[in-house]
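Worksheet: one structure, shown below.
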Amino acid sequence: MTKGELKMAKNTNIRISLPAVCFVWQIAMIILFGVFIRYDEESDTHWIEHRRKKNISTNLENDFYYRYPSFQDVHVMIFVGFGFLMTFLKRYSFGGVGFNFLIAAFGIQWALLMQGWFHHLDEHDWKIKIGVENLINADFCVASCLIAYGACLGKVSPVQLMVLTLFGVTLFAVEEYIILELLHAKDAGGSMVIHTFGAYYGLTISWVLYRPLLSQSKHLQGSVYHSDVFAMIGTLFLWMYWPSFNSAIADHGDGQHRAVINTYLALASSVLTTFAISSISQNNGKLDMVHIQNATLAGGVAMGTASEFMITPYGSLIVGFCSGIVSTFGYLFLTPFMEKTLKIQDTCGIHNLHAMPGVIGGIVGAITAASASESVYGQEGLINTFDFKDAVANRTVNIQGGYQAAALFVAIAFGLVGGALVGGILKLPIWGDPADVNCFDDDVYWEVIVHPNMNHATSIPDV
Amino acid sequence: MTKGELKMAKNTNIRISLPAVCFVWQIAMIILFGVFIRYDEESDTHWIEHRRKKNISTNLENDFYYRYPSFQDVHVMIFVGFGFLMTFLKRYSFGGVGFNFLIAAFGIQWALLMQGWFHHLDEHDWKIKIGVENLINADFCVASCLIAYGACLGKVSPVQLMVLTLFGVTLFAVEEYIILELLHAKDAGGSMVIHTFGAYYGLTISWVLYRPLLSQSKHLQGSVYHSDVFAMIGTLFLWMYWPSFNSAIADHGDGQHRAVINTYLALASSVLTTFAISSISQNNGKLDMVHIQNATLAGGVAMGTASEFMITPYGSLIVGFCSGIVSTFGYLFLTPFMEKTLKIQDTCGIHNLHAMPGVIGGIVGAITAASASESVYGQEGLINTFDFKDAVANRTVNIQGGYQAAALFVAIAFGLVGGALVGGILKLPIWGDPADVNCFDDDVYWEVIVHPNMNHATSIPDV
Amino acid sequence: MTKGELKMAKNTNIRISLPAVCFVWQIAMIILFGVFIRYDEESDTHWIEHRRKKNISTNLENDFYYRYPSFQDVHVMIFVGFGFLMTFLKRYSFGGVGFNFLIAAFGIQWALLMQGWFHHLDEHDWKIKIGVENLINADFCVASCLIAYGACLGKVSPVQLMVLTLFGVTLFAVEEYIILELLHAKDAGGSMVIHTFGAYYGLTISWVLYRPLLSQSKHLQGSVYHSDVFAMIGTLFLWMYWPSFNSAIADHGDGQHRAVINTYLALASSVLTTFAISSISQNNGKLDMVHIQNATLAGGVAMGTASEFMITPYGSLIVGFCSGIVSTFGYLFLTPFMEKTLKIQDTCGIHNLHAMPGVIGGIVGAITAASASESVYGQEGLINTFDFKDAVANRTVNIQGGYQAAALFVAIAFGLVGGALVGGILKLPIWGDPADVNCFDDDVYWEVIVHPNMNHATSIPDV
């Protein structure tokens with residue numbers, strides 16, 4: 001059997017399925033957008049009349065000017081941050097950044113619809129009115145699917161990823177509705193809604209799709225020198241813009257301002273503990289790029305829920321301190337344990353970067369909420385921060401803490417159950433996923449030029 | 001004849017010409033700036049008096065705060081976006097990103113003058129008063145020359161590129177004046193003014209400079225693994241920040257807001273159709289990085305004219321849908337056809353990414369303008385969006401549509417005629433351009449360290 | 001002696017020292033933050049009450065909305081800009097971007113404390129109240145240490161870098177206090193405070209740590225093709241966002257606006273002169289990537305002090321023109337001279353990029369200040385720009401010019417004396433720095449996978 005035949009032992013031809021999915025779903029988007037999606041009053045040409053009616057003195061009060069810089073930062077995190085973070089494999093950089101691009105571009109459209117139906121459906125005309133905040137929320141929603149992709153990186157076909165995203169966005173919208181609207185929990189940066197859900201969703205899918213013979217592609221399951229530098233582009237853009245992520249949809253004014261400070265500090269702190277644990281764990285104290293690329297971000301994840309709260313600057317440092325340690329230890333001990341014992345193959349280590357810090361973030365949020373007080377927040381500040389209005393006007397901070405904790409369980413449950421269901425669907429032998437021996441190889445789904453003088457083994461870049 | 005002599009068969013020594021051009025032109029800029037350019041009232045220390053006089057309540061009403069975030073995004077597109085998109089060649093990454101840097105840095109200065117003379121010359125003191133909007137427009141102007149560079153990538157000397165930029169900016173300013181001021185056409189994101197003009201300008205130059213023996217450097221006219229990843233940096237920063245490009249000089253308030261939403265959606269849609277066509281066109285459905293790097297951006301180009309209009313969210317999706325398809329088909333069929341039959345060598349495929357989507361954008365803009373109505377826009381909204389004031393106070397939307405169509409022809413005509421003239425100038429044998437065998441090789445204009453153990457053939461990175 | 005033993009001729013084991021420093025200092029940060037750092041009135045939940053009390057009509061007047069976009073740009077410069085600029089070495093990219101990450105993450109925390117004690121200590125409760133402007137200033141402060149790192153790149157251990165940062169931030173805060181508060185000099189973009197100080201600090205350290213046998217690692221002291229492209233990521237993000245750097249803490253309104261214009265122009269101008277000098281200095285006019293990566297930025301450095309002033313647009317071009325020339329000449333002649341004669345080994349050439357342009361910037365600032373006039377600035381404008389209020393209400397522009405010049409000497413003195421002291425500390429044989437033969441090699445402090453079929457000599461990437 002030649003190399004080519006061996007590769008095709010499993011049918012990875014996606015020439016029909018991928019175009020079909022892209023075309024049909026995109027056309028469906030157009031139809032559904034035609035039926036449901038309209039500009040909101042701030043992005044409609046009637047804004048000028050709306051301004052006069054509401055006595056708004058300046059165009060600057062258009063939410064666009066409050067949120068657009070943060071939106072663009074979040075947008076960079078989704079496409080360059082997540083995308084380049086997944087280029088670290090020596091021969092799967094195209095798939096890492098390219099499929100991330102594909103599913104995010106689809107996911108944001110579907111998210112505008114799903115989140116719109118649940119959160120923004122106008123009761124009068126049954127339309128969804130969108131503005132810049134919806135774009136941010138769509139990016140947020142898609143982030144959970146990109147996290148899930150991290151667990152499956154290199155082992156699934158782009159068609160499977162589209163399915164993962166379709167269901168992921170759907171589940172997300174429901175989960176988000178339950179957590180934010182029904183439980184009235186706060187989660188500005190999505191420790192629970194985005195990270196915890198996304199991570200358990202991806203891990204469960206990876207568990208269902210367990211590949212016992214994955215070691216056959218072990219020679220490709222690592223980085224080379226330059227692919228590690230590419231991944232640092234992703235790491236740094238995630239790290240730098242995380243304050244925007246956690247503040248993008250926070251309250252105007254002090255809410256956004258405080259979320260930035262808290263996240264900035266938590267991130268800085270987790271860098272130091274990541275370097276510490278990485279160094280202490282190796283002979284001669286040598287650092288491991290995998291830790292630096294990932295665990296340094298744990299502080300941002302863990303600050304997602306409490307970023308708006310008066311957690312205090314040193315509180316933020318403590319959160320980053322702990323999450324950097326937990327995350328790095330995860331890479332050292334938990335990932336190998338999970339692969340061996342729990343049969344969960346987690347390519348990017350999302351359990352360490354998103355699941356555990358996400359859970360920490362949820363717990364920190366619950367505790368911080370429960371211990372909030374009027375003496376610290378001020379009477380109005382407390383009401384504003386927790387939105388103790390209307391139906392929840394009489395909620396106490398203790399009860400709020402309880403609901404925060406409940407929200408964490410909802411996120412985990414949605415991840416586990418949703419992942420199991422979607423994993424089952426993705427296990428069907430129709431999606432063109434690669435054989436174990438061809439995992440982590442761009443050659444399966446991309447036209448890759450292999451130098452003619454090289455045989456397959458040496459065509460892998462060594463540096 | 002040794003390798004060195006063979007390479008020098010054509011004189012590529014630019015040791016006199018490049019420094020001379022850089023020095024003389026930069027000194028000319030200083031003199032012209034000294035004569036003509038001043039701060040405008042919002043960037044002058046008299047702003048505080050101006051505020052009092054105009055009864056402006058807050059510093060935030062300084063246009064700086066409306067436009068600076070968008071300006072920075074556009075700035076990234078010009079230097080990192082266009083620059084890295086052109087690093088895809090295996091051995092011309094220095095030239096791609098480096099010459100892009102040089103000509104953009106020169107072009108923005110010259111554009112401030114040219115656009116100032118045509119649009120912003122103060123009738124009282126004959127000075128050009130600049131502020132942040134001028135900086136954005138200068139970046140826009142230069143974009144057209146960077147697009148033109150894309151057609152010539154690897155085949156021209158930096159001196160030629162400086163000449164291309166000098167005339168390109170000049171032509172742009174005239175064309176822009178005709179389209180925006182005389183025809184009073186709308187083109188916030190420059191589908192016509194920037195993309196259509198720039199693409200036909202570059203294609204015509206490339207046609208005049210046709211190299212029949214270009215196949216001699218065929219071994220360099222392709223990518224390697226890591227250069228394709230570098231190019232994705234350019235692609236993604238262009239893609240992510242395109243909403244800022246199309247909204248940067250749109251109307252304050254709903255204008256900028258709507259332009260962002262429309263562009264965001266068109267871009268998302270063209271990603272899916274690009275992946276679809278790329279996959280369907282290859283054996284086994286394998287994706288081609290060239291398509292992903294370029295055609296995914298077509299939606300942004302095609303939304304340039306209509307971004308401010310009430311094209312509706314699903315209208316934006318349709319525009320992206322079509323332009324992604326057209327652009328990818330262009331790479332598959334038109335580029336080879338143009339090279340073989342029309343003798344147009346288009347290194348980056350700008351015909352597919354800028355010319356065709358630009359024309360689509362112009363047509364979409366004309367149709368959308370012609371079908372605008374008071375019932376959709378509101379009376380004031382219609383006037384604001386199309387600036388139906390002063391000399392054009394009585395213009396109807398139908399007539400506006402006609403002028404939009406006329407503007408498209410002006411852009412094409414300027415590109416074709418200007419390109420022919422400038423191509424003629426660039427054909428003179430004095431500019432130090434490389435021989436056919438030395439095209440796409442950084443070694444001609446850059447100090448490149450070649451490993452001593454390698455001969456020329458194998459010094460090309462294989463991965 | 002095997003390769004491994006040879007390498008360990010000098011003990012580079014940092015398994016105890018690096019984790020110890022990271023842990024202990026991070027815990028110290030937490031304690032000090034707990035004692036001293038609080039949210040300021042704009043990031044505290046009491047903001048709503050503060051607004052009412054001060055009669056602030058809108059949340060937009062929160063300083064967050066004036067400064068956050070600039071802050072994020074500066075943040076990118078610190079972590080991606082400086083980080084990737086230092087990836088140019090063929091085998092020290094991990095160390096370049098990784099250690100930059102580590103020391104910046106520590107430095108910003110320590111800077112918040114040090115700058116807070118000197119500038120923002122509340123006299124009533126002895127707390128430091130932080131907001132977005134403090135975050136920007138912390139990033140600024142750390143920039144000086146990253147500049148100093150540039151001189152030492154590849155020759156020091158991460159533990160030494162942490163010490164360099166600890167003392168660098170401390171010295172910076174004192175120097176900044178003297179220059180900005182005592183001398184009341186203006187330095188919005190830090191030509192003196194950041195660049196001049198940081199560069200002389202790093203150069204003096206490098207002089208103290210002189211390695212006579214550094215040529216033993218000469219084979220690693222250069223770039224390869226792709227590492228030069230990585231470095232261009234750093235260059236361009238620094239270049240593009242420098243207008244934000246020089247305007248981030250400038251006055252609201254025209255101050256920020258003017259600083260952006262001046263910096264944009266100076267940078268553009270220095271690109272052209274850098275290309276000119278680089279080309280004229282080589283056979284056949286070939287360009288040198290080292291110049292393009294660095295000297296193109298000189299205009300931004302040199303515009304740091306005068307960016308807020310009415311230096312006029314053509315004045316900015318002249319500053320960029322000269323500093324690009326000076327900087328490139330520095331790389332051509334001064335760096336080799338300094339290494340040979342002055343025994344200063346300056347890996348990144350910070351003398352050319354930061355020291356000389358910084359001094360130029362200081363001088364330009366002094367001259368521009370001394371020649372300011374009411375006829376140009378307007379009466380109020382002059383007072384606002386130079387803050388001629390309170391204790392310095394009667395200061396004339398001539399005297400201001402004198403103080404500006406004095407500030408430059410303070411910055412240089414702090415760099416030289418501080419660098420000598422810290423260099424002496426870093427010379428102690430306890431910090432795990434590499435042997436001369438192991439400089440510029442990531443293998444010392446990082447887990448680097450070397451391909452098994454390659455010996456050490458050829459494991460260096462050639463392309």
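Labels used: A, B, ... for chains in the order of the structure tokens, numbers from 1 for residues in each chain, and numbers from 1 for ligands as shown.
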
Residues of chain B that have any atom at most 7 Å from an atom of chain A: could you tabulate them with the shortest-distance atom pair and the distance in Å to one decimal, using only C-alpha atoms, ordered by chain and increasing number, as a Markdown table?
```
| residue | atom | partner | partner_atom | distance |
| --- | --- | --- | --- | --- |
| B:Pro69 | CA | A:Pro69 | CA | 6.2 |
| B:Val229 | CA | A:Phe94 | CA | 7.0 |
| B:Leu236 | CA | A:Val80 | CA | 6.6 |
| B:Met240 | CA | A:His75 | CA | 6.4 |
| B:His252 | CA | A:Asn59 | CA | 6.4 |
| B:Gly253 | CA | A:Asn59 | CA | 4.9 |
| B:Asp254 | CA | A:Ser43 | CA | 4.4 |
| B:Gly255 | CA | A:Ser43 | CA | 7.0 |
| B:His257 | CA | A:Ser43 | CA | 5.1 |
| B:Arg258 | CA | A:Ser43 | CA | 4.8 |
| B:Ala268 | CA | A:Ala105 | CA | 4.7 |
| B:Ser269 | CA | A:Gln26 | CA | 6.8 |
| B:Val271 | CA | A:Leu102 | CA | 6.4 |
| B:Leu272 | CA | A:Cys22 | CA | 5.4 |
| B:Thr273 | CA | A:Phe23 | CA | 6.5 |
| B:Ala276 | CA | A:Pro19 | CA | 3.9 |
| B:Ile277 | CA | A:Pro19 | CA | 6.7 |
| B:Ser279 | CA | A:Arg15 | CA | 5.6 |
| B:Ile280 | CA | A:Arg15 | CA | 5.0 |
| B:Asn284 | CA | A:Asn13 | CA | 4.4 |
| B:Gly285 | CA | A:Arg15 | CA | 3.6 |
| B:Lys286 | CA | A:Tyr445 | CA | 4.6 |
| B:Leu287 | CA | A:Trp446 | CA | 4.6 |
| B:Asp288 | CA | A:Glu447 | CA | 5.5 |
| B:Thr312 | CA | A:Arg38 | CA | 6.7 |
| B:Pro313 | CA | A:Arg38 | CA | 6.5 |
| B:Tyr314 | CA | A:Gly34 | CA | 5.1 |
| B:Leu317 | CA | A:Ile30 | CA | 6.1 |
| B:Ile318 | CA | A:Ile30 | CA | 6.8 |
| B:Tyr377 | CA | A:Thr45 | CA | 5.5 |
| B:Gly378 | CA | A:His46 | CA | 6.1 |
| B:Gly381 | CA | A:Thr45 | CA | 4.8 |
| B:Asp462 | CA | A:His451 | CA | 5.9 |
| B:Val463 | CA | A:Pro461 | CA | 5.8 |
```

Within 12 Å of Gly349 of chain A, counting only C-alpha atoms, which residues qualify if same-chain residues fewer than 3 places away don't, as an mmCIF file with N, CA and C atoms, in the first residue's frame?
```cif
data_model
loop_
_atom_site.group_PDB
_atom_site.id
_atom_site.type_symbol
_atom_site.label_atom_id
_atom_site.label_comp_id
_atom_site.auth_asym_id
_atom_site.auth_seq_id
_atom_site.Cartn_x
_atom_site.Cartn_y
_atom_site.Cartn_z
ATOM 1 N N LEU A 85 -3.105 31.045 18.803
ATOM 2 C CA LEU A 85 -2.793 30.160 19.932
ATOM 3 C C LEU A 85 -2.805 28.701 19.467
ATOM 4 N N MET A 86 -3.637 28.401 18.475
ATOM 5 C CA MET A 86 -3.747 27.021 17.983
ATOM 6 C C MET A 86 -2.816 26.721 16.804
ATOM 7 N N ILE A 147 -13.076 27.461 22.227
ATOM 8 C CA ILE A 147 -12.475 26.756 23.356
ATOM 9 C C ILE A 147 -12.657 25.255 23.176
ATOM 10 N N ALA A 148 -13.893 24.861 22.834
ATOM 11 C CA ALA A 148 -14.160 23.437 22.618
ATOM 12 C C ALA A 148 -13.293 22.876 21.492
ATOM 13 N N TYR A 149 -13.082 23.697 20.453
ATOM 14 C CA TYR A 149 -12.212 23.264 19.354
ATOM 15 C C TYR A 149 -10.826 22.908 19.888
ATOM 16 N N GLY A 150 -10.365 23.665 20.878
ATOM 17 C CA GLY A 150 -9.032 23.425 21.428
ATOM 18 C C GLY A 150 -8.817 21.994 21.897
ATOM 19 N N ALA A 151 -9.857 21.382 22.461
ATOM 20 C CA ALA A 151 -9.714 20.002 22.935
ATOM 21 C C ALA A 151 -9.615 19.033 21.764
ATOM 22 N N CYS A 152 -10.221 19.392 20.643
ATOM 23 C CA CYS A 152 -10.321 18.492 19.490
ATOM 24 C C CYS A 152 -9.293 18.813 18.413
ATOM 25 N N LEU A 153 -8.466 19.815 18.643
ATOM 26 C CA LEU A 153 -7.557 20.308 17.613
ATOM 27 C C LEU A 153 -6.769 19.174 16.960
ATOM 28 N N ALA A 199 -15.400 24.749 27.856
ATOM 29 C CA ALA A 199 -14.380 23.746 28.137
ATOM 30 C C ALA A 199 -15.007 22.372 28.367
ATOM 31 N N TYR A 200 -16.063 22.307 29.181
ATOM 32 C CA TYR A 200 -16.652 20.984 29.433
ATOM 33 C C TYR A 200 -17.360 20.451 28.195
ATOM 34 N N GLY A 202 -16.267 20.905 25.114
ATOM 35 C CA GLY A 202 -15.204 20.353 24.277
ATOM 36 C C GLY A 202 -14.591 19.087 24.851
ATOM 37 N N LEU A 203 -14.417 19.081 26.170
ATOM 38 C CA LEU A 203 -13.789 17.910 26.788
ATOM 39 C C LEU A 203 -14.683 16.683 26.664
ATOM 40 N N SER A 206 -14.475 15.411 23.197
ATOM 41 C CA SER A 206 -13.205 14.724 22.991
ATOM 42 C C SER A 206 -13.219 13.347 23.645
ATOM 43 N N VAL A 290 4.677 25.534 26.474
ATOM 44 C CA VAL A 290 3.248 25.215 26.595
ATOM 45 C C VAL A 290 2.638 25.951 27.788
ATOM 46 N N HIS A 291 3.365 25.964 28.890
ATOM 47 C CA HIS A 291 2.838 26.659 30.077
ATOM 48 C C HIS A 291 2.738 28.159 29.823
ATOM 49 N N GLN A 293 2.521 29.782 27.083
ATOM 50 C CA GLN A 293 1.498 30.133 26.092
ATOM 51 C C GLN A 293 0.087 30.088 26.663
ATOM 52 N N ASN A 294 -0.140 29.284 27.672
ATOM 53 C CA ASN A 294 -1.504 29.050 28.114
ATOM 54 C C ASN A 294 -1.797 29.522 29.537
ATOM 55 N N ALA A 295 -1.025 29.029 30.488
ATOM 56 C CA ALA A 295 -1.399 29.268 31.882
ATOM 57 C C ALA A 295 -1.296 30.737 32.265
ATOM 58 N N ALA A 298 -4.650 32.332 32.574
ATOM 59 C CA ALA A 298 -5.649 31.820 33.517
ATOM 60 C C ALA A 298 -6.263 32.937 34.357
ATOM 61 N N SER A 327 -3.456 26.253 36.898
ATOM 62 C CA SER A 327 -3.415 25.967 35.473
ATOM 63 C C SER A 327 -2.112 25.272 35.088
ATOM 64 N N THR A 328 -0.990 25.767 35.579
ATOM 65 C CA THR A 328 0.293 25.137 35.231
ATOM 66 C C THR A 328 0.381 23.727 35.790
ATOM 67 N N PHE A 329 -0.066 23.532 37.024
ATOM 68 C CA PHE A 329 -0.095 22.175 37.574
ATOM 69 C C PHE A 329 -0.968 21.271 36.710
ATOM 70 N N GLY A 330 -2.045 21.823 36.193
ATOM 71 C CA GLY A 330 -2.898 21.050 35.306
ATOM 72 C C GLY A 330 -2.119 20.516 34.109
ATOM 73 N N TYR A 331 -1.333 21.391 33.482
ATOM 74 C CA TYR A 331 -0.550 20.933 32.332
ATOM 75 C C TYR A 331 0.453 19.864 32.737
ATOM 76 N N LEU A 332 1.007 20.014 33.941
ATOM 77 C CA LEU A 332 2.041 19.072 34.372
ATOM 78 C C LEU A 332 1.458 17.707 34.731
ATOM 79 N N PHE A 333 0.349 17.680 35.452
ATOM 80 C CA PHE A 333 -0.122 16.420 35.997
ATOM 81 C C PHE A 333 -1.484 15.987 35.484
ATOM 82 N N LEU A 334 -2.420 16.937 35.345
ATOM 83 C CA LEU A 334 -3.785 16.534 35.032
ATOM 84 C C LEU A 334 -3.942 16.074 33.589
ATOM 85 N N THR A 335 -3.331 16.802 32.645
ATOM 86 C CA THR A 335 -3.512 16.436 31.245
ATOM 87 C C THR A 335 -3.030 15.013 30.963
ATOM 88 N N PRO A 336 -1.834 14.628 31.418
ATOM 89 C CA PRO A 336 -1.431 13.233 31.199
ATOM 90 C C PRO A 336 -2.368 12.246 31.903
ATOM 91 N N PHE A 337 -2.791 12.605 33.127
ATOM 92 C CA PHE A 337 -3.700 11.718 33.867
ATOM 93 C C PHE A 337 -5.027 11.547 33.121
ATOM 94 N N MET A 338 -5.564 12.663 32.645
ATOM 95 C CA MET A 338 -6.849 12.598 31.954
ATOM 96 C C MET A 338 -6.755 11.757 30.693
ATOM 97 N N GLU A 339 -5.650 11.901 29.975
ATOM 98 C CA GLU A 339 -5.505 11.141 28.738
ATOM 99 C C GLU A 339 -5.400 9.650 29.030
ATOM 100 N N ILE A 344 -9.560 11.121 28.055
ATOM 101 C CA ILE A 344 -9.887 12.417 27.470
ATOM 102 C C ILE A 344 -8.618 12.998 26.860
ATOM 103 N N GLN A 345 -8.595 13.091 25.531
ATOM 104 C CA GLN A 345 -7.444 13.650 24.836
ATOM 105 C C GLN A 345 -7.701 15.127 24.573
ATOM 106 N N ASP A 346 -6.920 15.960 25.218
ATOM 107 C CA ASP A 346 -7.188 17.396 25.234
ATOM 108 C C ASP A 346 -5.975 18.108 24.609
ATOM 109 N N ASN A 352 -7.073 22.917 31.605
ATOM 110 C CA ASN A 352 -6.209 23.716 32.471
ATOM 111 C C ASN A 352 -6.398 25.208 32.262
ATOM 112 N N LEU A 353 -6.672 25.602 31.028
ATOM 113 C CA LEU A 353 -6.766 27.034 30.752
ATOM 114 C C LEU A 353 -8.177 27.577 30.917
ATOM 115 N N HIS A 354 -9.186 26.752 30.612
ATOM 116 C CA HIS A 354 -10.547 27.287 30.643
ATOM 117 C C HIS A 354 -11.427 26.629 31.708
ATOM 118 N N ALA A 355 -11.373 25.296 31.828
ATOM 119 C CA ALA A 355 -12.300 24.630 32.751
ATOM 120 C C ALA A 355 -11.985 24.997 34.206
ATOM 121 N N MET A 356 -10.767 24.696 34.640
ATOM 122 C CA MET A 356 -10.433 24.957 36.050
ATOM 123 C C MET A 356 -10.452 26.452 36.386
#
```

- Message: Need the shell around segment 178-183 of chain A: protein/DNA/RNA residues with any atom at most 12 Å away, counting only C-alpha atoms. Skip same-chain ones fewer than 4 positions apart. Format as a PyMOL selection string?
- Response: chain A and resi 115+118-120+171-174+187-188+190-194+197+305+362+386-387+391-392+395+399-414

- Query: Separation of atom CA of Thr263 of chain A and atom CA of Asn246 of chain A, in Å?
  - Reply: 7.0 Å

- Note on the structure: What separates atom CA of Cys348 of chain A and atom CA of Lys155 of chain A is a distance of 11.7 Å

- Message: Using DSSP assignments from the backbone, pull out every residue in segment 354-401 of chain C that falls under helix (DSSP H, G or I) and give it to me as a count of residues only.
- Response: 37

- Restricting to only C-alpha atoms, whichever of B:Thr204, B:Ser278, B:Thr385, B:Ser270 is closest to Ala185 of chain B is B:Thr385

- Query: So what do you get for atom CA of Thr170 of chain B versus atom CA of Val142 of chain B, distance-wise?
  - Reply: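 Atom CA of Val142 of chain B lies at a distance of 10.4 Å from atom CA of Thr170 of chain B.
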